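For reference, upload.pdb (PDB, C-alpha atoms, pLDDT in the B column):
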ATOM      1  CA  MET A   1       6.750  -1.635  10.461  1.00 64.00           C
ATOM      2  CA  PRO A   2       7.434   0.421  13.596  1.00 68.00           C
ATOM      3  CA  ARG A   3       9.202   3.703  12.881  1.00 72.00           C
ATOM      4  CA  GLU A   4       9.919   4.689  16.480  1.00 78.00           C
ATOM      5  CA  LEU A   5      13.437   4.379  17.794  1.00 80.00           C
ATOM      6  CA  THR A   6      13.903   2.094  20.777  1.00 84.00           C
ATOM      7  CA  ARG A   7      15.057   3.378  24.160  1.00 88.00           C
ATOM      8  CA  ALA A   8      18.455   1.716  23.534  1.00 92.00           C
ATOM      9  CA  GLU A   9      18.820   3.472  20.159  1.00 87.00           C
ATOM     10  CA  MET A  10      17.988   6.857  21.687  1.00 87.00           C
ATOM     11  CA  GLU A  11      20.465   6.272  24.532  1.00 91.00           C
ATOM     12  CA  LYS A  12      23.186   5.374  22.011  1.00 92.00           C
ATOM     13  CA  VAL A  13      22.524   8.548  20.003  1.00 88.00           C
ATOM     14  CA  THR A  14      22.667  10.638  23.185  1.00 90.00           C
ATOM     15  CA  GLU A  15      25.963   8.979  24.109  1.00 92.00           C
ATOM     16  CA  ILE A  16      27.490   9.668  20.679  1.00 92.00           C
ATOM     17  CA  VAL A  17      26.306  13.292  20.591  1.00 90.00           C
ATOM     18  CA  THR A  18      27.707  13.876  24.082  1.00 92.00           C
ATOM     19  CA  GLU A  19      31.069  12.408  23.100  1.00 93.00           C
ATOM     20  CA  PHE A  20      31.570  14.031  19.690  1.00 92.00           C
ATOM     21  CA  PHE A  21      29.616  17.281  20.109  1.00 90.00           C
ATOM     22  CA  PRO A  22      30.255  18.348  23.704  1.00 89.00           C
ATOM     23  CA  ASP A  23      28.820  21.863  23.211  1.00 90.00           C
ATOM     24  CA  LEU A  24      25.411  20.535  22.126  1.00 87.00           C
ATOM     25  CA  THR A  25      22.651  19.611  24.514  1.00 84.00           C
ATOM     26  CA  PRO A  26      22.040  15.940  23.693  1.00 83.00           C
ATOM     27  CA  THR A  27      18.256  16.017  23.826  1.00 82.00           C
ATOM     28  CA  ILE A  28      16.294  14.154  21.171  1.00 81.00           C
ATOM     29  CA  VAL A  29      13.409  16.362  20.101  1.00 78.00           C
ATOM     30  CA  ARG A  30      11.985  14.134  17.383  1.00 75.00           C
ATOM     31  CA  SER A  31      13.030  10.773  16.013  1.00 74.00           C
ATOM     32  CA  ASP A  32      11.851   8.561  13.175  1.00 72.00           C
ATOM     33  CA  ALA A  33      13.318   5.600  11.366  1.00 70.00           C
ATOM     34  CA  PHE A  34      12.577   5.284   7.656  1.00 73.00           C
ATOM     35  CA  PRO A  35      13.029   2.132   5.588  1.00 75.00           C
ATOM     36  CA  ASP A  36      14.900   1.963   2.331  1.00 81.00           C
ATOM     37  CA  LEU A  37      12.337   1.510  -0.419  1.00 82.00           C
ATOM     38  CA  PHE A  38      13.325  -0.328  -3.580  1.00 84.00           C
ATOM     39  CA  THR A  39      11.390  -1.860  -6.430  1.00 88.00           C
ATOM     40  CA  GLU A  40      12.198  -5.203  -7.941  1.00 88.00           C
ATOM     41  CA  ASP A  41      14.086  -3.582 -10.844  1.00 90.00           C
ATOM     42  CA  ARG A  42      15.695  -0.887  -8.620  1.00 88.00           C
ATOM     43  CA  ASN A  43      13.968   1.979 -10.476  1.00 89.00           C
ATOM     44  CA  PRO A  44      11.493   4.190  -8.600  1.00 90.00           C
ATOM     45  CA  LEU A  45       7.759   4.375  -9.183  1.00 91.00           C
ATOM     46  CA  LEU A  46       6.713   7.718 -10.597  1.00 94.00           C
ATOM     47  CA  GLY A  47       3.336   8.348 -12.151  1.00 94.00           C
ATOM     48  CA  TRP A  48      -0.364   7.625 -11.992  1.00 93.00           C
ATOM     49  CA  LEU A  49      -1.245   4.121 -10.804  1.00 89.00           C
ATOM     50  CA  ASP A  50      -3.296   3.662 -13.977  1.00 85.00           C
ATOM     51  CA  GLU A  51      -5.010   5.738 -16.656  1.00 84.00           C
ATOM     52  CA  ASN A  52      -8.082   6.413 -14.502  1.00 86.00           C
ATOM     53  CA  SER A  53      -6.349   6.736 -11.153  1.00 87.00           C
ATOM     54  CA  ARG A  54      -6.536   9.718  -8.842  1.00 89.00           C
ATOM     55  CA  VAL A  55      -3.402   8.435  -7.088  1.00 92.00           C
ATOM     56  CA  TYR A  56      -0.017   9.736  -8.205  1.00 93.00           C
ATOM     57  CA  CYS A  57       2.791   7.493  -6.988  1.00 91.00           C
ATOM     58  CA  ALA A  58       6.284   8.759  -6.151  1.00 90.00           C
ATOM     59  CA  THR A  59       8.206   6.160  -4.136  1.00 88.00           C
ATOM     60  CA  GLY A  60      11.012   3.621  -4.285  1.00 86.00           C
ATOM     61  CA  PHE A  61      13.788   6.177  -4.621  1.00 85.00           C
ATOM     62  CA  SER A  62      16.313   4.538  -2.289  1.00 84.00           C
ATOM     63  CA  GLY A  63      19.706   4.386  -3.926  1.00 77.00           C
ATOM     64  CA  LYS A  64      18.845   6.888  -6.668  1.00 70.00           C
ATOM     65  CA  GLY A  65      16.337   9.321  -5.241  1.00 69.00           C
ATOM     66  CA  PHE A  66      18.511  11.716  -3.281  1.00 72.00           C
ATOM     67  CA  LYS A  67      20.816  12.615  -6.130  1.00 82.00           C
ATOM     68  CA  MET A  68      17.892  12.899  -8.544  1.00 84.00           C
ATOM     69  CA  ALA A  69      15.355  14.419  -6.133  1.00 82.00           C
ATOM     70  CA  THR A  70      15.032  17.780  -7.861  1.00 87.00           C
ATOM     71  CA  GLY A  71      14.408  16.204 -11.264  1.00 90.00           C
ATOM     72  CA  TYR A  72      11.912  13.647  -9.989  1.00 90.00           C
ATOM     73  CA  GLY A  73      10.228  16.309  -7.872  1.00 91.00           C
ATOM     74  CA  HIS A  74       9.858  18.578 -10.901  1.00 93.00           C
ATOM     75  CA  ILE A  75       8.306  15.755 -12.920  1.00 94.00           C
ATOM     76  CA  ALA A  76       5.972  14.693 -10.101  1.00 94.00           C
ATOM     77  CA  ALA A  77       4.778  18.241  -9.424  1.00 94.00           C
ATOM     78  CA  HIS A  78       4.036  19.019 -13.072  1.00 94.00           C
ATOM     79  CA  GLU A  79       2.319  15.716 -13.759  1.00 94.00           C
ATOM     80  CA  ALA A  80       0.302  15.560 -10.524  1.00 92.00           C
ATOM     81  CA  LEU A  81      -0.971  19.097 -11.109  1.00 93.00           C
ATOM     82  CA  GLY A  82      -1.873  18.258 -14.703  1.00 90.00           C
ATOM     83  CA  LYS A  83       0.508  20.854 -16.129  1.00 92.00           C
ATOM     84  CA  GLN A  84       2.675  18.545 -18.213  1.00 88.00           C
ATOM     85  CA  THR A  85       3.198  14.857 -18.954  1.00 87.00           C
ATOM     86  CA  ILE A  86       6.819  13.900 -19.407  1.00 88.00           C
ATOM     87  CA  GLU A  87       7.501  11.342 -22.147  1.00 91.00           C
ATOM     88  CA  GLY A  88      10.238   8.696 -22.179  1.00 94.00           C
ATOM     89  CA  LEU A  89       9.836   7.586 -18.558  1.00 94.00           C
ATOM     90  CA  ASP A  90       8.449   4.073 -19.071  1.00 94.00           C
ATOM     91  CA  PHE A  91      11.262   2.735 -16.865  1.00 93.00           C
ATOM     92  CA  VAL A  92       9.744   4.481 -13.782  1.00 93.00           C
ATOM     93  CA  ARG A  93       6.024   4.194 -14.535  1.00 94.00           C
ATOM     94  CA  PRO A  94       4.037   2.032 -12.087  1.00 93.00           C
ATOM     95  CA  ASN A  95       2.273   0.163 -14.914  1.00 91.00           C
ATOM     96  CA  ARG A  96       5.558  -1.500 -15.922  1.00 91.00           C
ATOM     97  CA  PHE A  97       4.816  -4.200 -13.349  1.00 88.00           C
ATOM     98  CA  LYS A  98       1.339  -5.039 -14.662  1.00 81.00           C
ATOM     99  CA  THR A  99       1.040  -8.503 -16.101  1.00 66.00           C
ATOM    100  CA  ARG A 100      -0.173  -8.523 -19.640  1.00 54.00           C
TER
END
Rewrite the structure from the file as structure tokens, please.
Amino acid sequence: MPRELTRAEMEKVTEIVTEFFPDLTPTIVRSDAFPDLFTEDRNPLLGWLDENSRVYCATGFSGKGFKMATGYGHIAAHEALGKQTIEGLDFVRPNRFKTR
């Protein structure tokens, strides 16, 4: 999925900035487009991919992530660094999608 803004999108942003913020210089320094990321059940993925994994997953926060970012960030940091495992989070663990 391309993340770069098109020339037309950048021109539109420049036009809007010029109109609504006349004291700003309407120069785009950096631009990226990020997709919304959702899981099938609308809960994020937070945790190790499996018991033996070296990959800690923290994604799928669209819709809930921003307002809960500090809490999820705290959990991710402590678990990824091996400082603490938080219990009661089966609803966000990646293994919830494994077929049994």
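Proximity of A:Ser31, A:Leu46, A:Ala77, A:Ala69 to A:Arg7, computed with all atoms listed in the file, is greatest for A:Ser31.
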- prompt: Which residue out of A:Pro22, A:Pro35, A:Gly71, A:Pro44 has the minimum interatomic distance to A:Ile86 when all atoms listed in the file are used?
  reply: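 Distance minimum relative to A:Ile86 lands on A:Gly71.
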message: Under the PyMOL selection byres ((chain A and resi 94) around 9), which residues of this model are included? Write them out as a list of chain:residue names.
response: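 The output of the PyMOL selection byres ((chain A and resi 94) around 9) on this file is A:Pro44, A:Leu45, A:Leu46, A:Gly47, A:Trp48, A:Leu49, A:Asp50, A:Cys57, A:Asp90, A:Phe91, A:Val92, A:Arg93, A:Asn95, A:Arg96, A:Phe97, A:Lys98.
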query: How many Å lie between atom CA of A:Val55 and atom CA of A:Gly73, rounded to one decimal?
result: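 Computing it gives 15.8 Å between the two atoms.
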query: In Å to one decimal, how far is atom CA of A:Ala33 from atom CA of A:Arg3?
result: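 Those two atoms sit 4.8 Å apart.
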For stretch 26-34 of chain A, what centre and edge lengths in Å (one decimal) does the axis-aligned box get once 3 Å is added on each side of all its listed atoms, as JSON?
{"center_x": 16.9, "center_y": 10.8, "center_z": 15.7, "size_x": 16.2, "size_y": 17.1, "size_z": 22.2}
- prompt: Counting all atoms listed in the file, which residues come within 7 Å of (9.0, 4.5, -4.1), with the point read in the file's coordinates, and could you list them as a list in words?
  reply: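 It turns out the residues near that spot are Leu37, Phe38, Pro44, Leu45, Ala58, Thr59, Gly60 and Phe61 of chain A.
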